[in-house]
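Right, one structure below, let's go through it.
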Amino acid sequence: MQKARRGDRDPIYIAWDEYNVWYRARGGAFARGEKALEEKYNLEDALVIAGFLNSFIRHADVVKMANMAQLVNVIAPIFTNEKGVFKQTIFYPLELFANNARGTSLNTFVACETYSNDDFLAPPGEAKPKQIQVPYLDVSATYKDGEVTICVVNRHKEKAITTDIISEEGDFLGPFKIYEVNGPDIKSENDFGKEIVTTTSRPDVNAKGQKMTYSFPAHSFTLIKGKIK
């Protein structure tokens, strides 16, 4: 029997089960009942979800499936009770990705300001990991049928970041649609009759050639979509 060579093996893919943000609504060790895990989300959480989805797209070569847990009430993007229903902050980036980020995942290169992440804890007996420089802009991009979709999270709490978006292959053509998820501050929450954090359409950007410039507002998720040839 011939031993399989490394190149002959079937690839192993990842199915990412039950991703979401969950850190408040623990309910205690003996929590029971319908309200035990009703997480209330804010803008920070929406940006985290957008970051998860960006990461799934960037790793689309190995992450072939990912499902959110759950969809209604329990750590969920939709909240309902006897008063009615409202969409939580995390609903809006999920909706934008689901309806627009399709096709082929594109390689992206990001050069922008960074911040130091020194919150990692080392296991007992091991040295603390080195600080990681994290870019304020978190980016993914997809291409399908002559359209490119660019998804950008600006993690900066206070500063808008203006950047050039450069295509190494193909020219941007005509107006690009801009959709933004944002709120007054990172602690903004939605509630019954009060959806502060939603998707807002911004003025189109007329782009031609291999470069367009856009200013991404502080603490925001932005989706840019248009033709490329």
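Naming scheme: A, B, ... for chains in displayed order of the structure tokens; residues 1 onward per chain; ligands 1 onward as shown.
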
Q | Residue contacts of Lys225 of chain A (10 Å, only C-alpha atoms) excluding same-chain residues fewer than 4 positions away, as a PyMOL selection string | A | chain A and resi 100-101+141-143+147-151+175-179+204-205

Once you have the residues from the selection above, write them out as an mmCIF file, in the first residue's frame, restricted to C-alpha atoms.
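again_8.cif was written with the following content:
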data_model
loop_
_atom_site.group_PDB
_atom_site.id
_atom_site.type_symbol
_atom_site.label_atom_id
_atom_site.label_comp_id
_atom_site.auth_asym_id
_atom_site.auth_seq_id
_atom_site.Cartn_x
_atom_site.Cartn_y
_atom_site.Cartn_z
ATOM 1 C CA ASN A 100 -24.032 41.955 -0.579
ATOM 2 C CA ALA A 101 -20.779 40.125 0.277
ATOM 3 C CA ALA A 141 -13.575 42.408 -0.100
ATOM 4 C CA THR A 142 -15.531 40.168 -2.474
ATOM 5 C CA TYR A 143 -16.096 40.059 -6.238
ATOM 6 C CA GLU A 147 -19.150 44.063 -8.859
ATOM 7 C CA VAL A 148 -16.811 44.511 -5.914
ATOM 8 C CA THR A 149 -18.003 44.791 -2.308
ATOM 9 C CA ILE A 150 -15.652 46.306 0.270
ATOM 10 C CA CYS A 151 -16.453 45.943 3.987
ATOM 11 C CA PRO A 175 -21.083 55.494 -8.674
ATOM 12 C CA PHE A 176 -20.444 53.260 -5.673
ATOM 13 C CA LYS A 177 -23.203 52.703 -3.126
ATOM 14 C CA ILE A 178 -22.270 53.426 0.490
ATOM 15 C CA TYR A 179 -24.011 51.860 3.506
ATOM 16 C CA ASP A 204 -22.679 57.694 -3.666
ATOM 17 C CA VAL A 205 -18.985 57.968 -4.454
#

Q.
Could you list, as a PyMOL selection string, every residue within 10 Å of segment 42-53 of chain A, counting only C-alpha atoms and ignoring same-chain residues fewer than 4 positions away?
A. chain A and resi 19-22+57-59+66+68+77+88-94+96-98+101+137-140+151-155+157+181-190+196-198+219-222

Preceding selection exported with N, CA and C atoms as a compact mmCIF listing (two decimals), in the first residue's frame:
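Result file follows (selection-v2.txt):
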# COMPACT_ATOMS: atom_id res chain seq x y z
N TYR A 19 -21.20 31.41 16.30
CA TYR A 19 -20.45 32.62 16.67
C TYR A 19 -21.42 33.69 17.12
N ASN A 20 -21.00 34.54 18.02
CA ASN A 20 -21.77 35.71 18.45
C ASN A 20 -21.02 36.39 19.59
N VAL A 21 -21.54 37.53 20.01
CA VAL A 21 -21.05 38.24 21.18
C VAL A 21 -21.91 37.84 22.37
N TRP A 22 -21.27 37.51 23.50
CA TRP A 22 -22.04 37.11 24.69
C TRP A 22 -21.16 37.32 25.92
N ILE A 57 -14.65 36.01 5.68
CA ILE A 57 -14.42 36.23 4.25
C ILE A 57 -12.94 36.15 3.92
N ARG A 58 -12.10 36.76 4.75
CA ARG A 58 -10.65 36.71 4.49
C ARG A 58 -10.12 35.27 4.53
N HIS A 59 -10.77 34.41 5.30
CA HIS A 59 -10.33 33.02 5.42
C HIS A 59 -11.28 32.07 4.70
N ALA A 66 -20.41 29.12 8.44
CA ALA A 66 -20.44 29.74 9.77
C ALA A 66 -21.88 30.09 10.08
N MET A 68 -24.64 31.82 13.01
CA MET A 68 -24.79 32.64 14.22
C MET A 68 -25.70 31.92 15.21
N PRO A 77 -29.90 38.60 17.16
CA PRO A 77 -30.05 39.89 16.47
C PRO A 77 -31.47 40.42 16.45
N GLN A 88 -31.84 44.31 16.92
CA GLN A 88 -30.69 44.71 17.73
C GLN A 88 -29.57 45.24 16.82
N THR A 89 -28.59 45.88 17.44
CA THR A 89 -27.51 46.50 16.67
C THR A 89 -26.79 45.50 15.78
N ILE A 90 -26.61 44.27 16.26
CA ILE A 90 -25.86 43.28 15.49
C ILE A 90 -26.61 42.79 14.25
N PHE A 91 -27.91 43.08 14.17
CA PHE A 91 -28.69 42.67 13.00
C PHE A 91 -28.17 43.33 11.73
N TYR A 92 -27.79 44.60 11.83
CA TYR A 92 -27.54 45.40 10.63
C TYR A 92 -26.28 45.01 9.87
N PRO A 93 -25.12 44.80 10.52
CA PRO A 93 -23.98 44.30 9.73
C PRO A 93 -24.25 42.91 9.14
N LEU A 94 -24.94 42.06 9.91
CA LEU A 94 -25.26 40.72 9.40
C LEU A 94 -26.12 40.81 8.15
N LEU A 96 -26.28 43.35 5.98
CA LEU A 96 -25.50 43.89 4.87
C LEU A 96 -24.58 42.83 4.25
N PHE A 97 -23.90 42.06 5.10
CA PHE A 97 -23.03 41.00 4.57
C PHE A 97 -23.85 39.96 3.82
N ALA A 98 -24.99 39.54 4.39
CA ALA A 98 -25.78 38.47 3.78
C ALA A 98 -26.29 38.87 2.40
N ALA A 101 -22.15 40.67 0.32
CA ALA A 101 -20.78 40.13 0.28
C ALA A 101 -20.82 38.69 -0.23
N LEU A 137 -8.34 49.96 10.85
CA LEU A 137 -9.26 49.56 9.79
C LEU A 137 -9.18 48.05 9.59
N ASP A 138 -10.34 47.40 9.70
CA ASP A 138 -10.46 45.96 9.47
C ASP A 138 -11.25 45.78 8.18
N VAL A 139 -10.69 45.02 7.22
CA VAL A 139 -11.22 45.07 5.84
C VAL A 139 -11.38 43.68 5.24
N SER A 140 -12.44 43.51 4.46
CA SER A 140 -12.58 42.36 3.57
C SER A 140 -13.16 42.85 2.25
N CYS A 151 -15.89 45.82 2.64
CA CYS A 151 -16.45 45.94 3.99
C CYS A 151 -15.36 46.43 4.94
N VAL A 152 -15.63 47.54 5.64
CA VAL A 152 -14.60 48.18 6.46
C VAL A 152 -15.15 48.53 7.84
N VAL A 153 -14.47 48.07 8.87
CA VAL A 153 -14.74 48.50 10.25
C VAL A 153 -13.67 49.50 10.65
N ASN A 154 -14.09 50.67 11.09
CA ASN A 154 -13.15 51.62 11.71
C ASN A 154 -13.25 51.43 13.21
N ARG A 155 -12.21 50.86 13.81
CA ARG A 155 -12.22 50.57 15.24
C ARG A 155 -11.90 51.78 16.11
N LYS A 157 -12.19 54.87 18.24
CA LYS A 157 -13.33 55.35 19.03
C LYS A 157 -13.69 56.80 18.72
N VAL A 181 -23.23 51.52 9.19
CA VAL A 181 -23.84 51.19 10.48
C VAL A 181 -23.08 51.95 11.55
N ASN A 182 -23.79 52.81 12.28
CA ASN A 182 -23.13 53.67 13.26
C ASN A 182 -24.15 54.16 14.27
N GLY A 183 -23.70 54.93 15.23
CA GLY A 183 -24.57 55.49 16.24
C GLY A 183 -23.89 56.64 16.94
N PRO A 184 -24.59 57.32 17.86
CA PRO A 184 -24.00 58.47 18.55
C PRO A 184 -22.72 58.15 19.31
N ASP A 185 -22.65 56.96 19.91
CA ASP A 185 -21.44 56.53 20.62
C ASP A 185 -21.44 55.01 20.67
N ILE A 186 -20.33 54.44 21.15
CA ILE A 186 -20.17 52.99 21.08
C ILE A 186 -21.10 52.23 22.02
N LYS A 187 -21.70 52.92 23.00
CA LYS A 187 -22.62 52.28 23.93
C LYS A 187 -24.08 52.38 23.46
N SER A 188 -24.33 52.93 22.29
CA SER A 188 -25.70 53.09 21.79
C SER A 188 -26.38 51.74 21.63
N GLU A 189 -27.60 51.62 22.16
CA GLU A 189 -28.38 50.39 22.08
C GLU A 189 -29.72 50.65 21.42
N ASN A 190 -30.28 49.62 20.82
CA ASN A 190 -31.64 49.68 20.30
C ASN A 190 -32.62 49.11 21.32
N ILE A 196 -31.64 53.17 17.47
CA ILE A 196 -30.63 54.22 17.29
C ILE A 196 -29.57 53.78 16.29
N VAL A 197 -29.16 52.53 16.38
CA VAL A 197 -28.13 51.98 15.49
C VAL A 197 -28.83 51.23 14.36
N THR A 198 -28.70 51.75 13.14
CA THR A 198 -29.32 51.13 11.97
C THR A 198 -28.35 51.26 10.79
N HIS A 219 -15.84 54.73 14.96
CA HIS A 219 -16.69 53.62 15.43
C HIS A 219 -17.81 53.29 14.45
N SER A 220 -17.41 52.85 13.26
CA SER A 220 -18.40 52.58 12.21
C SER A 220 -18.09 51.30 11.45
N PHE A 221 -19.14 50.75 10.83
CA PHE A 221 -18.98 49.73 9.80
C PHE A 221 -19.54 50.28 8.50
N THR A 222 -18.75 50.18 7.43
CA THR A 222 -19.13 50.73 6.13
C THR A 222 -19.03 49.65 5.07

Q. For Ile14 of chain A, which of A:Val63, A:Ile166, A:Val72, A:Leu37 is the closest residue, counting only C-alpha atoms?
A.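 The shortest atom-to-atom distance to Ile14 of chain A comes from A:Val63.
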
Q: Run DSSP on the backbone and give me the residues of chain A it puts in strand (DSSP E), as a ChimeraX atom specification.
A: /A:14-19,63-68,78-81,84-87,104-105,114-117,132-135,137-144,147-154,161-166,172-182,198-209,211-216,220-228

**Q.** Å distance separating atom CA of Ile161 of chain A from atom CA of Lys87 of chain A, one decimal place
**A.**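 Going from atom CA of Ile161 of chain A over to atom CA of Lys87 of chain A covers 28.0 Å.
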
Q: Quick one: everything within 9 Å of Gly174 of chain A, counting only C-alpha atoms, minus sequence neighbours fewer than 5 positions away in the same chain. Send it as a VMD selection string.
A: chain A and resid 205 to 208 226 to 228

Write out the residues from the selection above, keeping C-alpha atoms, as a short mmCIF file (atom, residue, chain, number, x, y, z; two decimals), in the first residue's frame.
data_model
loop_
_atom_site.label_atom_id
_atom_site.label_comp_id
_atom_site.auth_asym_id
_atom_site.auth_seq_id
_atom_site.Cartn_x
_atom_site.Cartn_y
_atom_site.Cartn_z
CA VAL A 205 -18.99 57.97 -4.45
CA ASN A 206 -18.16 58.55 -8.11
CA ALA A 207 -15.05 56.52 -8.78
CA LYS A 208 -13.07 56.11 -11.98
CA GLY A 226 -19.99 49.10 -7.20
CA LYS A 227 -18.77 48.05 -10.64
CA ILE A 228 -15.21 47.18 -11.52
#

Q. Using only C-alpha atoms, which residue out of A:Ile165, A:Ile132, A:Ile75, A:Leu173 lies closest to Phe109 of chain A?
A.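 Going through A:Ile165, A:Ile132, A:Ile75, A:Leu173 one by one, the smallest distance to Phe109 of chain A is for A:Ile165.
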
(Q) What parts of segment 73-214 of chain A does DSSP call alpha helix (DSSP H)? I'd like the answer as a ChimeraX atom specification. (A) /A:91-100
